[in-house]
$ cat coords-v7.cif   # mmCIF, C-alpha atoms and all ligand atoms
data_coords
#
loop_
_atom_site.group_PDB
_atom_site.id
_atom_site.type_symbol
_atom_site.label_atom_id
_atom_site.label_comp_id
_atom_site.auth_asym_id
_atom_site.auth_seq_id
_atom_site.Cartn_x
_atom_site.Cartn_y
_atom_site.Cartn_z
ATOM 1 C CA MET A 54 5.948 -15.558 5.666
ATOM 2 C CA PRO A 55 3.609 -14.542 2.868
ATOM 3 C CA ALA A 56 1.025 -17.034 1.708
ATOM 4 C CA PRO A 57 1.635 -18.635 -1.676
ATOM 5 C CA ALA A 58 0.592 -16.270 -4.408
ATOM 6 C CA PRO A 59 -2.886 -16.838 -5.770
ATOM 7 C CA SER A 60 -2.889 -16.168 -9.482
ATOM 8 C CA SER A 61 -5.914 -13.983 -9.941
ATOM 9 C CA GLY A 62 -9.555 -13.596 -9.062
ATOM 10 C CA THR A 63 -10.969 -13.524 -5.601
ATOM 11 C CA ARG A 64 -10.831 -16.137 -2.971
ATOM 12 C CA ALA A 65 -11.914 -16.661 0.559
ATOM 13 C CA THR A 66 -9.436 -18.880 2.313
ATOM 14 C CA ARG A 67 -11.807 -19.602 5.182
ATOM 15 C CA ARG A 68 -13.314 -23.012 4.545
ATOM 16 C CA GLY A 69 -11.777 -22.884 1.079
ATOM 17 C CA ALA A 70 -14.787 -21.161 -0.482
ATOM 18 C CA VAL A 71 -14.266 -19.176 -3.656
ATOM 19 C CA ARG A 72 -16.311 -16.082 -4.428
ATOM 20 C CA ARG A 73 -16.422 -13.776 -7.374
ATOM 21 C CA PRO A 74 -15.707 -10.107 -6.709
ATOM 22 C CA ALA A 75 -18.858 -8.204 -5.904
ATOM 23 C CA ARG A 76 -17.182 -4.848 -6.026
ATOM 24 C CA CYS A 77 -19.668 -2.806 -7.943
ATOM 25 C CA LEU A 78 -22.676 -4.323 -6.231
ATOM 26 C CA ALA A 79 -21.783 -3.230 -2.739
ATOM 27 C CA ALA A 80 -24.784 -1.432 -1.378
ATOM 28 C CA GLY A 81 -24.052 2.209 -1.064
ATOM 29 C CA LEU A 82 -20.338 1.655 -1.489
ATOM 30 C CA LEU A 83 -18.548 4.726 -2.523
ATOM 31 C CA LEU A 84 -20.834 7.230 -4.047
ATOM 32 C CA LEU A 85 -17.535 8.514 -5.301
ATOM 33 C CA ALA A 86 -15.819 6.803 -8.184
ATOM 34 C CA VAL A 87 -13.640 3.955 -7.008
ATOM 35 C CA ALA A 88 -12.061 0.751 -8.243
ATOM 36 C CA GLY A 89 -13.942 -0.283 -11.310
ATOM 37 C CA CYS A 90 -17.371 1.174 -10.576
ATOM 38 C CA GLY A 91 -16.588 4.465 -12.245
ATOM 39 C CA ALA A 92 -20.126 5.773 -12.601
ATOM 40 C CA SER A 93 -19.216 9.412 -12.543
ATOM 41 C CA GLY A 94 -15.615 9.127 -13.619
ATOM 42 C CA SER A 95 -14.724 12.108 -11.463
ATOM 43 C CA PRO A 96 -11.618 12.003 -9.289
ATOM 44 C CA PRO A 97 -12.204 11.058 -5.650
ATOM 45 C CA ALA A 98 -13.643 14.186 -4.011
ATOM 46 C CA ARG A 99 -11.681 13.782 -0.789
ATOM 47 C CA GLY A 100 -8.687 12.213 -2.433
ATOM 48 C CA PRO A 101 -5.528 13.746 -3.821
ATOM 49 C CA GLN A 102 -6.251 16.474 -6.366
ATOM 50 C CA PRO A 103 -4.029 16.110 -9.450
ATOM 51 C CA GLY A 104 -3.383 19.855 -9.800
ATOM 52 C CA ARG A 105 -2.021 20.130 -6.264
ATOM 53 C CA LEU A 106 0.634 17.430 -6.427
ATOM 54 C CA PRO A 107 4.275 18.347 -5.855
ATOM 55 C CA HIS A 108 6.669 18.611 -8.770
ATOM 56 C CA TYR A 109 9.792 16.506 -8.293
ATOM 57 C CA ALA A 110 13.046 17.669 -9.843
ATOM 58 C CA VAL A 111 14.486 14.911 -12.060
ATOM 59 C CA ASP A 112 18.170 14.101 -11.526
ATOM 60 C CA ARG A 113 19.130 13.990 -15.216
ATOM 61 C CA ASP A 114 22.786 13.123 -14.510
ATOM 62 C CA PHE A 115 21.976 10.165 -12.325
ATOM 63 C CA SER A 116 23.690 6.892 -13.194
ATOM 64 C CA LEU A 117 23.811 3.537 -11.369
ATOM 65 C CA PRO A 118 25.787 1.078 -13.475
ATOM 66 C CA THR A 119 26.175 -1.328 -10.538
ATOM 67 C CA SER A 120 22.409 -1.979 -10.455
ATOM 68 C CA PRO A 121 21.170 -4.479 -13.045
ATOM 69 C CA THR A 122 17.602 -3.279 -12.478
ATOM 70 C CA TRP A 123 18.508 0.357 -13.089
ATOM 71 C CA ARG A 124 20.614 -0.493 -16.148
ATOM 72 C CA SER A 125 17.798 -2.336 -17.870
ATOM 73 C CA ALA A 126 15.198 0.317 -16.938
ATOM 74 C CA HIS A 127 17.537 2.998 -18.256
ATOM 75 C CA ARG A 128 17.973 1.088 -21.499
ATOM 76 C CA ASP A 129 14.166 0.787 -21.862
ATOM 77 C CA GLY A 130 13.652 4.439 -20.935
ATOM 78 C CA LYS A 131 11.086 3.542 -18.265
ATOM 79 C CA LEU A 132 10.680 2.176 -14.775
ATOM 80 C CA THR A 133 8.012 -0.404 -14.003
ATOM 81 C CA ILE A 134 6.814 0.121 -10.444
ATOM 82 C CA GLY A 135 4.498 -2.241 -8.588
ATOM 83 C CA VAL A 136 1.722 -0.518 -6.618
ATOM 84 C CA LYS A 137 -1.765 -1.018 -5.201
ATOM 85 C CA GLU A 138 -4.740 0.232 -7.203
ATOM 86 C CA ASP A 139 -7.596 0.104 -4.709
ATOM 87 C CA GLN A 140 -6.252 1.790 -1.577
ATOM 88 C CA PRO A 141 -7.595 5.361 -1.405
ATOM 89 C CA GLY A 142 -5.040 7.869 -0.141
ATOM 90 C CA MET A 143 -2.171 5.388 -0.643
ATOM 91 C CA GLY A 144 -2.373 3.810 -4.110
ATOM 92 C CA GLU A 145 -5.565 4.176 -6.125
ATOM 93 C CA LYS A 146 -6.320 4.032 -9.828
ATOM 94 C CA ASN A 147 -8.929 6.409 -11.192
ATOM 95 C CA PRO A 148 -11.094 4.122 -13.310
ATOM 96 C CA ALA A 149 -11.994 6.901 -15.739
ATOM 97 C CA THR A 150 -8.556 8.330 -16.437
ATOM 98 C CA GLY A 151 -6.315 5.408 -15.469
ATOM 99 C CA ALA A 152 -4.276 7.818 -13.317
ATOM 100 C CA TYR A 153 -2.814 6.600 -10.036
ATOM 101 C CA SER A 154 -2.791 8.691 -6.866
ATOM 102 C CA GLY A 155 -1.867 8.457 -3.197
ATOM 103 C CA PHE A 156 1.071 8.693 -0.835
ATOM 104 C CA ASP A 157 2.714 5.500 -2.120
ATOM 105 C CA ILE A 158 2.365 6.779 -5.679
ATOM 106 C CA GLU A 159 4.109 10.004 -4.643
ATOM 107 C CA ILE A 160 6.920 7.965 -3.033
ATOM 108 C CA ALA A 161 7.210 6.065 -6.326
ATOM 109 C CA ARG A 162 7.281 9.311 -8.303
ATOM 110 C CA MET A 163 9.828 11.152 -6.137
ATOM 111 C CA THR A 164 12.218 8.189 -6.009
ATOM 112 C CA ALA A 165 11.902 7.632 -9.768
ATOM 113 C CA ALA A 166 12.850 11.289 -10.299
ATOM 114 C CA SER A 167 15.930 10.772 -8.122
ATOM 115 C CA LEU A 168 16.911 7.779 -10.273
ATOM 116 C CA GLY A 169 16.761 9.972 -13.381
ATOM 117 C CA PHE A 170 13.271 9.081 -14.678
ATOM 118 C CA ASP A 171 10.573 11.619 -15.483
ATOM 119 C CA PRO A 172 7.719 10.707 -13.111
ATOM 120 C CA ASP A 173 5.063 11.924 -15.587
ATOM 121 C CA ARG A 174 6.358 10.055 -18.621
ATOM 122 C CA GLN A 175 8.705 7.284 -17.628
ATOM 123 C CA ILE A 176 6.834 5.233 -15.030
ATOM 124 C CA THR A 177 4.607 2.285 -15.871
ATOM 125 C CA TYR A 178 2.533 1.257 -12.863
ATOM 126 C CA ARG A 179 1.597 -2.352 -12.359
ATOM 127 C CA ALA A 180 -1.028 -3.246 -9.756
ATOM 128 C CA ILE A 181 0.130 -6.192 -7.657
ATOM 129 C CA ALA A 182 -1.902 -7.711 -4.806
ATOM 130 C CA SER A 183 -0.370 -8.290 -1.366
ATOM 131 C CA ALA A 184 0.187 -12.015 -1.907
ATOM 132 C CA ASN A 185 1.999 -11.570 -5.226
ATOM 133 C CA ARG A 186 4.638 -8.967 -4.360
ATOM 134 C CA GLU A 187 7.562 -11.275 -3.682
ATOM 135 C CA THR A 188 6.988 -13.262 -6.876
ATOM 136 C CA ALA A 189 6.675 -10.086 -8.937
ATOM 137 C CA LEU A 190 10.047 -8.871 -7.625
ATOM 138 C CA GLN A 191 11.682 -12.264 -8.008
ATOM 139 C CA ASN A 192 10.640 -12.815 -11.600
ATOM 140 C CA GLY A 193 11.423 -9.301 -12.798
ATOM 141 C CA GLN A 194 7.811 -8.257 -13.502
ATOM 142 C CA ILE A 195 8.541 -4.976 -11.725
ATOM 143 C CA ASP A 196 11.669 -2.925 -10.988
ATOM 144 C CA TYR A 197 10.546 -2.004 -7.504
ATOM 145 C CA TYR A 198 7.396 -1.986 -5.365
ATOM 146 C CA VAL A 199 5.752 0.819 -3.388
ATOM 147 C CA GLY A 200 2.483 -0.317 -1.814
ATOM 148 C CA THR A 201 1.926 -0.412 1.960
ATOM 149 C CA TYR A 202 4.636 -3.094 2.065
ATOM 150 C CA THR A 203 5.730 -3.962 5.608
ATOM 151 C CA ILE A 204 9.389 -4.845 6.086
ATOM 152 C CA ASN A 205 9.665 -8.092 8.044
ATOM 153 C CA GLU A 206 12.063 -10.992 8.553
ATOM 154 C CA GLY A 207 10.199 -13.486 6.385
ATOM 155 C CA ARG A 208 10.007 -11.114 3.429
ATOM 156 C CA LYS A 209 13.656 -10.093 3.847
ATOM 157 C CA LYS A 210 14.615 -13.641 2.905
ATOM 158 C CA LEU A 211 12.827 -13.239 -0.425
ATOM 159 C CA VAL A 212 13.261 -9.592 -1.434
ATOM 160 C CA GLY A 213 15.367 -6.537 -0.595
ATOM 161 C CA PHE A 214 14.017 -3.372 1.030
ATOM 162 C CA ALA A 215 14.817 0.317 1.032
ATOM 163 C CA GLY A 216 13.358 2.507 3.766
ATOM 164 C CA PRO A 217 11.367 2.542 5.923
ATOM 165 C CA TYR A 218 9.550 5.654 4.651
ATOM 166 C CA TYR A 219 6.463 5.482 6.920
ATOM 167 C CA ILE A 220 5.237 3.572 9.986
ATOM 168 C CA ALA A 221 1.608 2.435 9.930
ATOM 169 C CA GLY A 222 -0.334 0.408 12.527
ATOM 170 C CA GLN A 223 -2.992 -2.293 12.247
ATOM 171 C CA ARG A 224 -6.538 -1.241 13.211
ATOM 172 C CA LEU A 225 -10.165 -2.181 12.539
ATOM 173 C CA LEU A 226 -12.782 -0.821 10.112
ATOM 174 C CA VAL A 227 -16.425 -1.498 10.992
ATOM 175 C CA ARG A 228 -19.872 -0.365 9.849
ATOM 176 C CA ARG A 229 -20.855 3.010 11.253
ATOM 177 C CA ASP A 230 -23.711 1.502 13.308
ATOM 178 C CA GLU A 231 -21.463 -1.134 14.928
ATOM 179 C CA LYS A 232 -21.668 -0.915 18.731
ATOM 180 C CA GLN A 233 -19.899 -4.009 20.122
ATOM 181 C CA LEU A 234 -16.772 -4.327 18.028
ATOM 182 C CA THR A 235 -14.793 -1.374 19.304
ATOM 183 C CA GLY A 236 -11.236 -2.720 19.210
ATOM 184 C CA PRO A 237 -8.963 -5.752 18.815
ATOM 185 C CA ASP A 238 -10.021 -7.274 22.156
ATOM 186 C CA GLU A 239 -13.621 -7.663 20.999
ATOM 187 C CA MET A 240 -12.944 -9.732 17.879
ATOM 188 C CA ALA A 241 -13.815 -13.149 19.368
ATOM 189 C CA GLY A 242 -16.581 -14.855 17.407
ATOM 190 C CA ARG A 243 -16.720 -12.079 14.811
ATOM 191 C CA LYS A 244 -15.834 -12.371 11.132
ATOM 192 C CA VAL A 245 -12.769 -10.267 10.453
ATOM 193 C CA CYS A 246 -11.566 -9.837 6.882
ATOM 194 C CA SER A 247 -8.071 -9.122 5.583
ATOM 195 C CA ALA A 248 -5.941 -9.730 2.493
ATOM 196 C CA VAL A 249 -4.214 -12.969 1.552
ATOM 197 C CA GLY A 250 -0.452 -12.703 2.092
ATOM 198 C CA SER A 251 -0.674 -9.697 4.429
ATOM 199 C CA THR A 252 0.843 -9.202 7.869
ATOM 200 C CA PRO A 253 -2.525 -8.156 9.418
ATOM 201 C CA LEU A 254 -4.061 -11.482 8.373
ATOM 202 C CA GLN A 255 -1.125 -13.393 9.856
ATOM 203 C CA ARG A 256 -1.446 -11.403 13.079
ATOM 204 C CA ILE A 257 -5.135 -12.112 13.664
ATOM 205 C CA GLN A 258 -4.613 -15.785 12.850
ATOM 206 C CA ALA A 259 -1.639 -16.047 15.220
ATOM 207 C CA ASP A 260 -2.533 -13.684 18.070
ATOM 208 C CA TYR A 261 -6.358 -13.538 18.008
ATOM 209 C CA PRO A 262 -7.445 -17.158 17.494
ATOM 210 C CA GLY A 263 -10.959 -16.346 18.728
ATOM 211 C CA ALA A 264 -11.567 -14.121 15.707
ATOM 212 C CA ASP A 265 -13.072 -15.780 12.637
ATOM 213 C CA ALA A 266 -10.506 -14.760 10.010
ATOM 214 C CA VAL A 267 -11.700 -14.369 6.415
ATOM 215 C CA ALA A 268 -9.279 -13.597 3.572
ATOM 216 C CA TYR A 269 -9.668 -12.182 0.083
ATOM 217 C CA ASP A 270 -7.161 -10.974 -2.484
ATOM 218 C CA SER A 271 -7.731 -7.308 -1.701
ATOM 219 C CA TYR A 272 -9.065 -5.038 1.011
ATOM 220 C CA ALA A 273 -11.555 -3.509 -1.436
ATOM 221 C CA ILE A 274 -13.330 -6.867 -1.565
ATOM 222 C CA CYS A 275 -13.271 -7.058 2.241
ATOM 223 C CA VAL A 276 -14.891 -3.606 2.386
ATOM 224 C CA ASP A 277 -17.633 -4.714 -0.028
ATOM 225 C CA ASN A 278 -18.263 -7.688 2.218
ATOM 226 C CA LEU A 279 -18.380 -5.462 5.281
ATOM 227 C CA LEU A 280 -20.994 -3.217 3.684
ATOM 228 C CA ASN A 281 -22.963 -6.318 2.610
ATOM 229 C CA HIS A 282 -22.910 -7.701 6.180
ATOM 230 C CA GLN A 283 -20.914 -10.762 5.101
ATOM 231 C CA VAL A 284 -18.155 -9.865 7.580
ATOM 232 C CA ASP A 285 -18.102 -7.749 10.757
ATOM 233 C CA ALA A 286 -14.810 -5.922 10.333
ATOM 234 C CA VAL A 287 -11.885 -5.338 8.005
ATOM 235 C CA THR A 288 -8.427 -5.281 9.519
ATOM 236 C CA THR A 289 -5.241 -3.888 8.052
ATOM 237 C CA ASP A 290 -3.058 -0.788 8.310
ATOM 238 C CA ASP A 291 -4.634 2.455 9.545
ATOM 239 C CA THR A 292 -3.431 4.202 6.381
ATOM 240 C CA ILE A 293 -5.624 1.975 4.221
ATOM 241 C CA LEU A 294 -8.646 1.856 6.538
ATOM 242 C CA LEU A 295 -8.767 5.640 7.036
ATOM 243 C CA GLY A 296 -8.819 6.014 3.259
ATOM 244 C CA TYR A 297 -11.884 3.781 2.923
ATOM 245 C CA ALA A 298 -13.629 5.483 5.856
ATOM 246 C CA ALA A 299 -12.948 8.935 4.393
ATOM 247 C CA LYS A 300 -14.610 7.874 1.140
ATOM 248 C CA ASP A 301 -17.763 6.555 2.807
ATOM 249 C CA PRO A 302 -18.073 8.146 6.255
ATOM 250 C CA ALA A 303 -21.844 7.579 6.293
ATOM 251 C CA HIS A 304 -21.314 3.804 6.434
ATOM 252 C CA LEU A 305 -17.813 3.152 7.752
ATOM 253 C CA LYS A 306 -15.615 4.061 10.722
ATOM 254 C CA VAL A 307 -12.165 3.101 12.023
ATOM 255 C CA VAL A 308 -12.168 1.955 15.656
ATOM 256 C CA GLY A 309 -9.815 0.931 18.470
ATOM 257 C CA ARG A 310 -6.134 1.302 19.076
ATOM 258 C CA ALA A 311 -3.384 0.422 16.645
ATOM 259 C CA PHE A 312 -2.129 -3.049 17.592
ATOM 260 C CA SER A 313 0.997 -3.394 15.465
ATOM 261 C CA GLU A 314 3.821 -1.436 13.880
ATOM 262 C CA GLU A 315 4.080 -1.708 10.100
ATOM 263 C CA PRO A 316 7.259 -0.087 8.767
ATOM 264 C CA TYR A 317 6.774 0.495 5.042
ATOM 265 C CA GLY A 318 9.657 -0.353 2.739
ATOM 266 C CA ILE A 319 10.252 -0.104 -0.975
ATOM 267 C CA GLY A 320 10.585 -3.687 -2.201
ATOM 268 C CA VAL A 321 13.467 -4.376 -4.612
ATOM 269 C CA PRO A 322 14.934 -7.518 -6.193
ATOM 270 C CA ARG A 323 16.871 -9.181 -3.361
ATOM 271 C CA GLN A 324 20.286 -9.234 -5.004
ATOM 272 C CA ASP A 325 20.165 -5.579 -6.134
ATOM 273 C CA ARG A 326 21.688 -3.825 -3.116
ATOM 274 C CA ALA A 327 22.865 -0.938 -5.286
ATOM 275 C CA LEU A 328 19.251 -0.128 -6.151
ATOM 276 C CA ALA A 329 18.128 -0.358 -2.508
ATOM 277 C CA ARG A 330 20.941 1.980 -1.431
ATOM 278 C CA ALA A 331 20.119 4.472 -4.183
ATOM 279 C CA LEU A 332 16.465 4.434 -3.092
ATOM 280 C CA ASP A 333 17.550 5.037 0.509
ATOM 281 C CA ARG A 334 19.589 8.045 -0.596
ATOM 282 C CA ALA A 335 16.609 9.273 -2.611
ATOM 283 C CA LEU A 336 14.278 8.974 0.395
ATOM 284 C CA VAL A 337 16.689 10.836 2.673
ATOM 285 C CA ALA A 338 17.144 13.624 0.105
ATOM 286 C CA ARG A 339 13.386 13.953 -0.472
ATOM 287 C CA GLU A 340 12.748 14.063 3.272
ATOM 288 C CA ARG A 341 15.391 16.791 3.673
ATOM 289 C CA ASN A 342 14.171 18.969 0.813
ATOM 290 C CA GLY A 343 10.535 18.852 1.957
ATOM 291 C CA ASP A 344 9.163 16.669 -0.865
ATOM 292 C CA TRP A 345 8.206 13.847 1.518
ATOM 293 C CA LYS A 346 6.123 16.223 3.646
ATOM 294 C CA ARG A 347 4.567 17.927 0.620
ATOM 295 C CA ALA A 348 3.577 14.492 -0.682
ATOM 296 C CA TYR A 349 2.105 13.497 2.671
ATOM 297 C CA ASP A 350 0.128 16.739 2.998
ATOM 298 C CA VAL A 351 -1.694 16.298 -0.325
ATOM 299 C CA THR A 352 -2.457 12.593 0.156
ATOM 300 C CA LEU A 353 -2.563 10.906 3.582
ATOM 301 C CA GLY A 354 -2.594 14.272 5.332
ATOM 302 C CA LEU A 355 -6.069 14.934 3.917
ATOM 303 C CA SER A 356 -7.401 12.610 6.630
ATOM 304 C CA GLY A 357 -6.553 15.376 9.113
ATOM 305 C CA ARG A 358 -3.467 13.919 10.798
ATOM 306 C CA PRO A 359 -0.517 16.314 10.525
ATOM 307 C CA ALA A 360 2.639 14.913 8.924
ATOM 308 C CA PRO A 361 4.629 12.829 11.412
ATOM 309 C CA ARG A 362 8.417 12.835 11.367
ATOM 310 C CA PRO A 363 9.474 10.334 8.731
ATOM 311 C CA PRO A 364 11.179 7.271 10.211
ATOM 312 C CA ARG A 365 14.928 6.898 9.874
ATOM 313 C CA VAL A 366 16.050 4.937 6.859
ATOM 314 C CA ASP A 367 17.633 1.710 8.163
ATOM 315 C CA PRO A 368 21.119 1.110 6.724
ATOM 316 C CA ALA A 369 21.118 -2.473 8.092
ATOM 317 C CA LEU A 370 18.553 -3.394 5.432
ATOM 318 C CA THR A 371 20.978 -2.838 2.576
ATOM 319 C CA ARG A 372 24.160 -4.283 4.114
HETATM 320 N N1 LIG A 401 1.382 -3.527 5.503
HETATM 321 C C1 LIG A 401 0.756 -4.804 5.513
HETATM 322 C C2 LIG A 401 1.494 -5.805 4.649
HETATM 323 O O1 LIG A 401 2.452 -5.462 4.043
HETATM 324 C C3 LIG A 401 -0.706 -4.718 5.117
HETATM 325 C C4 LIG A 401 -1.000 -3.933 3.882
HETATM 326 C C5 LIG A 401 -0.874 -4.733 2.603
HETATM 327 O O2 LIG A 401 -1.366 -5.870 2.541
HETATM 328 O O3 LIG A 401 -0.312 -4.183 1.656
HETATM 329 O O4 LIG A 401 1.146 -6.962 4.604
#

$ encode --input "coords-v7.cif" --output "structure tokens"
Amino acid sequence: MPAPAPSSGTRATRRGAVRRPARCLAAGLLLLAVAGCGASGSPPARGPQPGRLPHYAVDRDFSLPTSPTWRSAHRDGKLTIGVKEDQPGMGEKNPATGAYSGFDIEIARMTAASLGFDPDRQITYRAIASANRETALQNGQIDYYVGTYTINEGRKKLVGFAGPYYIAGQRLLVRRDEKQLTGPDEMAGRKVCSAVGSTPLQRIQADYPGADAVAYDSYAICVDNLLNHQVDAVTTDDTILLGYAAKDPAHLKVVGRAFSEEPYGIGVPRQDRALARALDRALVARERNGDWKRAYDVTLGLSGRPAPRPPRVDPALTR
């Protein structure tokens, strides 16, 4: 089950200490522009290049009167989609332009187009941290959520899911000069950082009690703390960690095997099955027509891993 949603700011749950974000102070962190530092304002050099993104055909005749979420978005002429803003390659906001990029953003854009919304003009993105996703869906802050969101039993009691659209796995990010911490079996006695309300944090607390778990609101803060030698590793999905490592290969590396399966779903308001089913149909259509692969190739695929086969959408999720 997700941890109760912290409202804002940054917190370390270990020993209850509270720290301010030190994002822009991180020594040597990201010579490239990233979350809030924005010195150069240029787009991430290794990240998705705006000019190369796929164009998604908008289904202008689409209508879903059985979905309350779709009806109200249609009335407003825009979809509000919850995303991450500090996960390079998945969901990242360019601090200079305000533009969002990454594989999750492309999933948001292609599904919005299938629901009849112009992805360039009719999406408002709202950055929501891991711990706050369920609340945001429950109180109508967002229409749906696309942000490295693992489908699991606890969350299914609180929200609905479409998908899965990708399967990630939990791994470890360490400093480049790290010699001892080479995988999940060497975490004992080491400080391992993850995000409040995330499945990777729950897993190290439950299955690796020897590890000294540290939690902050976002992985970006964990990475700052790793570079500042406040923690020894960051743990979460490989998708996220490879994005950070690709941005700062001189200081960071991803190590060890994947030690979980994280099927990514699109989070929807729990009662809105019609929306979840429409999103499933959109995912299947976009996988069939090649949009899913095109989106992967210009985002996550930049890390060098060829596009895997997309997982099968699970009809049991929307029954
Ligand atoms: N996929 C994991 C989760 O949903 C970790 C990534 C995240 O926190 O968004 O908890």

$ axis_aligned_box --input "coords-v7.cif" --around "segment 272-281 of chain A" --padding-each-side "3 Å" --output "lines of an AutoDock Vina configuration file"
center_x = -16.0
center_y = -5.5
center_z = 1.9
size_x = 19.9
size_y = 10.5
size_z = 12.8

$ residues_near_point --input "coords-v7.cif" --point "(12.0, 6.2, -17.8)" --cutoff "7 Å" --atoms "only C-alpha atoms" --output "list in words"
Ala126, His127, Gly130, Lys131, Leu132, Phe170, Asp171, Arg174, Gln175 and Ile176 of chain A

$ residues_near_ligand --input "coords-v7.cif" --ligand "ligand LIG 401 (chain A)" --cutoff "9 Å" --atoms "only C-alpha atoms and all ligand atoms" --output "VMD selection string"
chain A and resid 55 137 182 to 184 200 to 205 221 to 223 247 to 255 271 to 272 288 to 290 292 to 293 314 to 318

$ closest_residue --input "coords-v7.cif" --among "A:Pro364, A:Pro262, A:Gly320, A:Pro359" --to "Tyr219 of chain A" --atoms "all atoms listed in the file"
A:Pro364

$ atom_distance --input "coords-v7.cif" --atom1 "atom CA of Leu353 of chain A" --atom2 "atom CA of Asp157 of chain A"
9.5 Å

$ closest_residue --input "coords-v7.cif" --among "A:Gln140, A:Pro107, A:Gln324, A:Arg228" --to "Gly343 of chain A" --atoms "only C-alpha atoms"
A:Pro107

$ resolve_selection --input "coords-v7.cif" --expression "the PyMOL selection byres (((chain A and resi 180) around 7) and not hetatm)" --output "list in words"
Gly135, Val136, Lys137, Glu138, Tyr178, Arg179, Ile181 and Ala182 of chain A

$ closest_residue --input "coords-v7.cif" --among "A:Asp265, A:Glu145, A:Asp270, A:Asp291" --to "Ser313 of chain A" --atoms "only C-alpha atoms"
A:Asp291

$ decode --input "coords-v7.cif" --residues "segment 116-121 of chain A" --atoms "all heavy atoms" --output "mmCIF file, in the first residue's frame"
data_model
loop_
_atom_site.group_PDB
_atom_site.id
_atom_site.type_symbol
_atom_site.label_atom_id
_atom_site.label_comp_id
_atom_site.auth_asym_id
_atom_site.auth_seq_id
_atom_site.Cartn_x
_atom_site.Cartn_y
_atom_site.Cartn_z
ATOM 1 N N SER A 116 -15.834 9.553 -29.158
ATOM 2 C CA SER A 116 -16.794 9.993 -28.153
ATOM 3 C C SER A 116 -16.937 8.902 -27.094
ATOM 4 O O SER A 116 -16.941 7.714 -27.424
ATOM 5 C CB SER A 116 -18.143 10.258 -28.832
ATOM 6 O OG SER A 116 -19.085 10.590 -27.853
ATOM 7 N N LEU A 117 -17.010 9.293 -25.822
ATOM 8 C CA LEU A 117 -17.111 8.295 -24.744
ATOM 9 C C LEU A 117 -18.094 8.803 -23.681
ATOM 10 O O LEU A 117 -17.707 9.101 -22.540
ATOM 11 C CB LEU A 117 -15.717 8.046 -24.135
ATOM 12 C CG LEU A 117 -15.535 6.802 -23.284
ATOM 13 C CD1 LEU A 117 -15.738 5.519 -24.080
ATOM 14 C CD2 LEU A 117 -14.146 6.800 -22.634
ATOM 15 N N PRO A 118 -19.358 8.866 -24.039
ATOM 16 C CA PRO A 118 -20.334 9.447 -23.109
ATOM 17 C C PRO A 118 -20.490 8.671 -21.804
ATOM 18 O O PRO A 118 -20.926 9.237 -20.806
ATOM 19 C CB PRO A 118 -21.652 9.424 -23.907
ATOM 20 C CG PRO A 118 -21.414 8.570 -25.093
ATOM 21 C CD PRO A 118 -19.951 8.487 -25.327
ATOM 22 N N THR A 119 -20.065 7.404 -21.792
ATOM 23 C CA THR A 119 -20.200 6.617 -20.551
ATOM 24 C C THR A 119 -19.104 6.933 -19.537
ATOM 25 O O THR A 119 -19.158 6.448 -18.406
ATOM 26 C CB THR A 119 -20.138 5.115 -20.879
ATOM 27 O OG1 THR A 119 -19.016 4.901 -21.737
ATOM 28 C CG2 THR A 119 -21.413 4.640 -21.562
ATOM 29 N N SER A 120 -18.103 7.723 -19.924
ATOM 30 C CA SER A 120 -17.024 8.058 -18.986
ATOM 31 C C SER A 120 -17.222 9.472 -18.445
ATOM 32 O O SER A 120 -17.107 10.457 -19.185
ATOM 33 C CB SER A 120 -15.664 7.972 -19.702
ATOM 34 O OG SER A 120 -14.696 8.711 -18.983
ATOM 35 N N PRO A 121 -17.457 9.604 -17.143
ATOM 36 C CA PRO A 121 -17.609 10.944 -16.573
ATOM 37 C C PRO A 121 -16.336 11.786 -16.729
ATOM 38 O O PRO A 121 -16.398 12.997 -16.948
ATOM 39 C CB PRO A 121 -17.917 10.697 -15.089
ATOM 40 C CG PRO A 121 -17.808 9.224 -14.859
ATOM 41 C CD PRO A 121 -17.678 8.527 -16.176
#
